[in-house]
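To start, the structure itself, in structure tokens.
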Amino acid sequence: MPNEQSTPLQSVDLVKTFRQGVNLVQALNSVSLSIQPGEFAAIMGPSGCGKSTLLHVMAGLTRPDSGSVNVEGEDLSVMPDGRLTDFRRRRIGLVFQQFNLVAALSALENVMLPLMAEGGRASANAQERAKHLLDRLGLGGRIGHRPDAMSGGEQQRVAIARALVTDPAIILADEPTGSLDSGNGNAICSLLKELNQEEGRSIVMVTHEPAVAAWAGRVVVMKDGSVCSDWNTDQFPDAQSLAIRYQETISSQPALGAV
Ligand SMILES: Nc1ncnc2c1ncn2[C@@H]1O[C@H](COP(=O)(O)OP(=O)(O)OP(=O)(O)O)[C@@H](O)[C@H]1O
């Protein structure tokens, strides 16, 4: 179970600029975002507004130009590369649009990967834990299957099991339903919500779809590299009203400062 005491993620004043030929693109313009224990937040915004960059910086996959990211009180921005890789493997669960499973490995082996010791061996305990998670996610009958023998929805569930196997502080998911049809997409949203509500998992999910964001308890809207709105989804009676408010927001509202 996640540690209920410490703030799973706190990012402050993140700035990230990319060079594109002779131009500089400011992907993050002083973004601050904190995630509370047991919170399920969606990050929305138009294409190119900086959602994936924010998620990757929060995951320690991309270094910011300035600003800090704290996960359970540990500042990723000052960690040397080797320590950051190890910390990310143990404390941050990552889920991607394309699942990112290893094609040559079975579902069970994919889930055990983050628990592998140096030299590629996993303990019996690691195997038990991975099996238990696959069972929990409805894949008990698929543990020996390779990714190409599973549906997209099943592959994403394997990826979620892999993200959970180290019992991380937070799950960061980048468009987790983006490669799935609506039925499988809904099943993945429902699973994330269940993990949040039943196990208190802290989750941040990037999506451009209001119907997906509506599964979260909080929606953070970005525009032009900044956060422009931050909503509790209780205020919306349904996904349609969230979609309407979102459209109004991205067509009108100037960006806010820190949230
Ligand atoms: N590695 C990179 N090199 C150069 N520019 C980049 C790089 N990564 C992102 N960018 C630029 O930074 C800006 C933000 O990109 P980002 O991928 O974070 O947006 P996004 O909101 O996730 O978009 P989408 O919804 O289309 O995935 C864009 O202008 C993008 O072109």
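Following the order of the structure tokens, first chain is A, next is B, and so on, with residues numbered from 1 inside each chain and ligands from 1 in the order they appear.
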
Tell me, counting only C-alpha atoms, for each residue of segment 77-139 of chain A within 10 Å of segment 164-180 of chain A, which pair of atoms is nearest and how far apart they are in Å to one decimal, in rows ordered by chain and increasing number, as JSON lines.
```
{"residue": "A:Phe87", "atom": "CA", "partner": "A:Pro168", "partner_atom": "CA", "distance": 9.9}
{"residue": "A:Arg88", "atom": "CA", "partner": "A:Pro168", "partner_atom": "CA", "distance": 8.9}
{"residue": "A:Arg89", "atom": "CA", "partner": "A:Thr166", "partner_atom": "CA", "distance": 7.9}
{"residue": "A:Arg90", "atom": "CA", "partner": "A:Thr166", "partner_atom": "CA", "distance": 5.6}
{"residue": "A:Arg91", "atom": "CA", "partner": "A:Pro168", "partner_atom": "CA", "distance": 4.2}
{"residue": "A:Ile92", "atom": "CA", "partner": "A:Pro168", "partner_atom": "CA", "distance": 5.1}
{"residue": "A:Gly93", "atom": "CA", "partner": "A:Ile171", "partner_atom": "CA", "distance": 4.5}
{"residue": "A:Leu94", "atom": "CA", "partner": "A:Leu172", "partner_atom": "CA", "distance": 5.1}
{"residue": "A:Val95", "atom": "CA", "partner": "A:Ala173", "partner_atom": "CA", "distance": 4.4}
{"residue": "A:Phe96", "atom": "CA", "partner": "A:Asp174", "partner_atom": "CA", "distance": 5.0}
{"residue": "A:Gln97", "atom": "CA", "partner": "A:Pro176", "partner_atom": "CA", "distance": 4.7}
{"residue": "A:Gln98", "atom": "CA", "partner": "A:Ser179", "partner_atom": "CA", "distance": 6.6}
{"residue": "A:Phe99", "atom": "CA", "partner": "A:Pro176", "partner_atom": "CA", "distance": 7.9}
{"residue": "A:Val111", "atom": "CA", "partner": "A:Val165", "partner_atom": "CA", "distance": 6.8}
{"residue": "A:Met112", "atom": "CA", "partner": "A:Val165", "partner_atom": "CA", "distance": 7.3}
{"residue": "A:Leu113", "atom": "CA", "partner": "A:Val165", "partner_atom": "CA", "distance": 9.0}
{"residue": "A:Pro114", "atom": "CA", "partner": "A:Thr166", "partner_atom": "CA", "distance": 7.0}
{"residue": "A:Leu115", "atom": "CA", "partner": "A:Thr166", "partner_atom": "CA", "distance": 7.0}
{"residue": "A:Ala126", "atom": "CA", "partner": "A:Val165", "partner_atom": "CA", "distance": 8.4}
{"residue": "A:Arg129", "atom": "CA", "partner": "A:Val165", "partner_atom": "CA", "distance": 7.0}
{"residue": "A:Ala130", "atom": "CA", "partner": "A:Val165", "partner_atom": "CA", "distance": 6.4}
{"residue": "A:Lys131", "atom": "CA", "partner": "A:Val165", "partner_atom": "CA", "distance": 9.9}
{"residue": "A:His132", "atom": "CA", "partner": "A:Val165", "partner_atom": "CA", "distance": 9.6}
{"residue": "A:Leu133", "atom": "CA", "partner": "A:Val165", "partner_atom": "CA", "distance": 7.3}
{"residue": "A:Leu134", "atom": "CA", "partner": "A:Val165", "partner_atom": "CA", "distance": 9.8}
```

Those same residues - C-alpha atoms - I'd like them written as a tab-separated table (two decimals), in the first residue's frame.
```tsv
chain	number	residue	atom	x	y	z
A	87	PHE	CA	14.53	5.89	-7.71
A	88	ARG	CA	12.18	6.05	-10.70
A	89	ARG	CA	12.18	2.26	-11.05
A	90	ARG	CA	11.25	1.82	-7.37
A	91	ARG	CA	9.00	4.78	-6.56
A	92	ILE	CA	7.27	5.90	-9.80
A	93	GLY	CA	4.91	3.68	-11.79
A	94	LEU	CA	4.84	4.63	-15.47
A	95	VAL	CA	2.12	3.74	-17.99
A	96	PHE	CA	2.38	4.78	-21.66
A	97	GLN	CA	0.00	4.98	-24.61
A	98	GLN	CA	1.92	2.26	-26.51
A	99	PHE	CA	2.17	-0.04	-23.43
A	111	VAL	CA	5.63	-7.45	-14.70
A	112	MET	CA	8.66	-8.81	-12.81
A	113	LEU	CA	11.11	-6.58	-14.73
A	114	PRO	CA	11.20	-3.69	-12.22
A	115	LEU	CA	11.97	-6.24	-9.45
A	126	ALA	CA	8.99	-11.14	-6.89
A	129	ARG	CA	3.95	-10.60	-6.28
A	130	ALA	CA	3.80	-10.31	-10.07
A	131	LYS	CA	1.45	-13.32	-10.30
A	132	HIS	CA	-0.79	-11.86	-7.61
A	133	LEU	CA	-1.02	-8.53	-9.46
A	134	LEU	CA	-1.83	-10.18	-12.78
```

Protein and nucleic residues near ligand 1, 8 Å, only C-alpha atoms and all ligand atoms, as a PyMOL selection string: chain A and resi 17-20+25-28+44-54+206-208+222+225

Interatomic distance (Å, one decimal) between atom CA of Ala187 of chain A and atom CA of Arg157 of chain A: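 Going from atom CA of Ala187 of chain A over to atom CA of Arg157 of chain A covers 9.4 Å.
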
Pick from A:Gly138, A:Gly38, A:Pro8, A:Gly152 nearest to Leu195 of chain A, counting only C-alpha atoms: A:Gly38

Spatial neighbours of Val219 of chain A, max dist 6 Å, only C-alpha atoms, sep filter under 6 positions, as an MDAnalysis selection string: chainID A and resid 41:43 230:231

Output for the residues just chosen: C-alpha atoms as a CSV table (one decimal), in the first residue's frame:
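The resulting file, part.csv, is shown below:
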```
chain,number,residue,atom,x,y,z
A,41,ALA,CA,-5.8,13.8,-11.3
A,42,ALA,CA,-6.2,14.2,-15.1
A,43,ILE,CA,-4.1,16.7,-17.1
A,230,ASP,CA,-7.9,23.2,-11.9
A,231,TRP,CA,-11.3,21.6,-11.2
```

Alpha helix (DSSP H) residues, from DSSP on the backbone, in segment 62-210 of chain A, as number ranges by chain: A: 81-91, 107-112, 124-136, 152-164, 182-199, 210

Write the selection just made, keeping C-alpha atoms, as a PDB file, in the first residue's frame?
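As a result, part_13.pdb now contains:
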```
ATOM      1  CA  ASP A  81      21.415  10.138 -13.256  1.00  0.00           C
ATOM      2  CA  GLY A  82      22.113   6.673 -11.800  1.00  0.00           C
ATOM      3  CA  ARG A  83      20.271   7.341  -8.558  1.00  0.00           C
ATOM      4  CA  LEU A  84      17.376   8.943 -10.456  1.00  0.00           C
ATOM      5  CA  THR A  85      16.990   5.842 -12.655  1.00  0.00           C
ATOM      6  CA  ASP A  86      16.931   3.601  -9.602  1.00  0.00           C
ATOM      7  CA  PHE A  87      14.535   5.892  -7.712  1.00  0.00           C
ATOM      8  CA  ARG A  88      12.179   6.054 -10.702  1.00  0.00           C
ATOM      9  CA  ARG A  89      12.184   2.262 -11.046  1.00  0.00           C
ATOM     10  CA  ARG A  90      11.253   1.819  -7.367  1.00  0.00           C
ATOM     11  CA  ARG A  91       8.996   4.779  -6.563  1.00  0.00           C
ATOM     12  CA  ALA A 107       3.262 -11.085 -19.223  1.00  0.00           C
ATOM     13  CA  LEU A 108       4.710 -12.428 -15.960  1.00  0.00           C
ATOM     14  CA  GLU A 109       8.295 -11.592 -16.963  1.00  0.00           C
ATOM     15  CA  ASN A 110       7.265  -8.097 -18.065  1.00  0.00           C
ATOM     16  CA  VAL A 111       5.628  -7.451 -14.696  1.00  0.00           C
ATOM     17  CA  MET A 112       8.663  -8.811 -12.809  1.00  0.00           C
ATOM     18  CA  ALA A 124      10.577 -16.170  -5.697  1.00  0.00           C
ATOM     19  CA  ASN A 125       8.857 -13.397  -3.785  1.00  0.00           C
ATOM     20  CA  ALA A 126       8.992 -11.138  -6.886  1.00  0.00           C
ATOM     21  CA  GLN A 127       7.373 -13.872  -8.955  1.00  0.00           C
ATOM     22  CA  GLU A 128       4.609 -14.335  -6.388  1.00  0.00           C
ATOM     23  CA  ARG A 129       3.954 -10.595  -6.276  1.00  0.00           C
ATOM     24  CA  ALA A 130       3.799 -10.306 -10.073  1.00  0.00           C
ATOM     25  CA  LYS A 131       1.448 -13.315 -10.297  1.00  0.00           C
ATOM     26  CA  HIS A 132      -0.786 -11.857  -7.609  1.00  0.00           C
ATOM     27  CA  LEU A 133      -1.024  -8.529  -9.460  1.00  0.00           C
ATOM     28  CA  LEU A 134      -1.830 -10.183 -12.784  1.00  0.00           C
ATOM     29  CA  ASP A 135      -4.561 -12.180 -11.013  1.00  0.00           C
ATOM     30  CA  ARG A 136      -5.866  -8.999  -9.390  1.00  0.00           C
ATOM     31  CA  GLY A 152      -4.400  -3.937 -26.527  1.00  0.00           C
ATOM     32  CA  GLY A 153      -6.548  -3.766 -23.395  1.00  0.00           C
ATOM     33  CA  GLU A 154      -4.799  -6.818 -21.930  1.00  0.00           C
ATOM     34  CA  GLN A 155      -1.378  -5.380 -22.774  1.00  0.00           C
ATOM     35  CA  GLN A 156      -2.275  -2.149 -21.009  1.00  0.00           C
ATOM     36  CA  ARG A 157      -3.380  -4.113 -17.940  1.00  0.00           C
ATOM     37  CA  VAL A 158      -0.003  -5.905 -17.958  1.00  0.00           C
ATOM     38  CA  ALA A 159       1.670  -2.481 -18.173  1.00  0.00           C
ATOM     39  CA  ILE A 160      -0.407  -1.285 -15.198  1.00  0.00           C
ATOM     40  CA  ALA A 161       0.558  -4.411 -13.231  1.00  0.00           C
ATOM     41  CA  ARG A 162       4.218  -3.670 -14.054  1.00  0.00           C
ATOM     42  CA  ALA A 163       3.730  -0.073 -12.865  1.00  0.00           C
ATOM     43  CA  LEU A 164       2.276  -1.327  -9.554  1.00  0.00           C
ATOM     44  CA  SER A 182     -13.681   2.921 -26.390  1.00  0.00           C
ATOM     45  CA  GLY A 183     -14.675  -0.361 -24.675  1.00  0.00           C
ATOM     46  CA  ASN A 184     -11.087  -1.223 -23.693  1.00  0.00           C
ATOM     47  CA  GLY A 185     -10.415   2.442 -22.895  1.00  0.00           C
ATOM     48  CA  ASN A 186     -13.341   2.506 -20.465  1.00  0.00           C
ATOM     49  CA  ALA A 187     -12.146  -0.718 -18.855  1.00  0.00           C
ATOM     50  CA  ILE A 188      -8.693   0.819 -18.252  1.00  0.00           C
ATOM     51  CA  CYS A 189     -10.266   4.021 -16.808  1.00  0.00           C
ATOM     52  CA  SER A 190     -12.462   1.910 -14.569  1.00  0.00           C
ATOM     53  CA  LEU A 191      -9.415  -0.075 -13.391  1.00  0.00           C
ATOM     54  CA  LEU A 192      -7.455   3.116 -12.601  1.00  0.00           C
ATOM     55  CA  LYS A 193     -10.422   4.487 -10.666  1.00  0.00           C
ATOM     56  CA  GLU A 194     -10.757   1.239  -8.735  1.00  0.00           C
ATOM     57  CA  LEU A 195      -7.030   1.276  -7.854  1.00  0.00           C
ATOM     58  CA  ASN A 196      -7.462   4.870  -6.692  1.00  0.00           C
ATOM     59  CA  GLN A 197     -10.624   4.323  -4.659  1.00  0.00           C
ATOM     60  CA  GLU A 198     -10.001   0.874  -3.224  1.00  0.00           C
ATOM     61  CA  GLU A 199      -6.236   1.033  -2.678  1.00  0.00           C
ATOM     62  CA  PRO A 210     -12.934  14.866 -21.558  1.00  0.00           C
TER      63      PRO A 210
END
```

Which residues of segment 97-215 of chain A have any atom within 10 Å of an atom in segment 241-244 of chain A when counting only C-alpha atoms, and what is the closest pair of atoms for each, with the distance in Å to one decimal? Order the rows by chain and rising number and write it as a Markdown table.
```
| residue | atom | partner | partner_atom | distance |
| --- | --- | --- | --- | --- |
| A:Glu209 | CA | A:Ala243 | CA | 8.2 |
| A:Pro210 | CA | A:Ala243 | CA | 5.1 |
| A:Ala211 | CA | A:Ala243 | CA | 7.3 |
| A:Ala213 | CA | A:Leu242 | CA | 8.6 |
| A:Ala214 | CA | A:Leu242 | CA | 7.0 |
```

Sel. of strand (DSSP E or B) residues, segment 167-216 of chain A, as a list in words: Ile170, Ile171, Leu172, Ala173, Asp174, Ile203, Val204, Met205 and Val206 of chain A

Spatial neighbours of Ile35 of chain A, 9 Å, only C-alpha atoms, chain gap at least 6 places, as a list in words: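 My reading of the contact set: Thr7, Pro8, Leu9, Gln10, Ser11, Ala41, Ser202, Ile203 and Val204 of chain A.
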
Atom-to-atom span, atom CA of Glu74 of chain A and atom CA of Leu14 of chain A, Å: 15.9 Å

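Considering the residues A:Gly200, A:Asp148, A:Gly73, A:Phe40 and counting only C-alpha atoms, Thr233 of chain A has its shortest atom-to-atom contact with A:Phe40.
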
Separation of atom CA of Asp234 of chain A from atom CA of Asn70 of chain A in Å: 27.6 Å
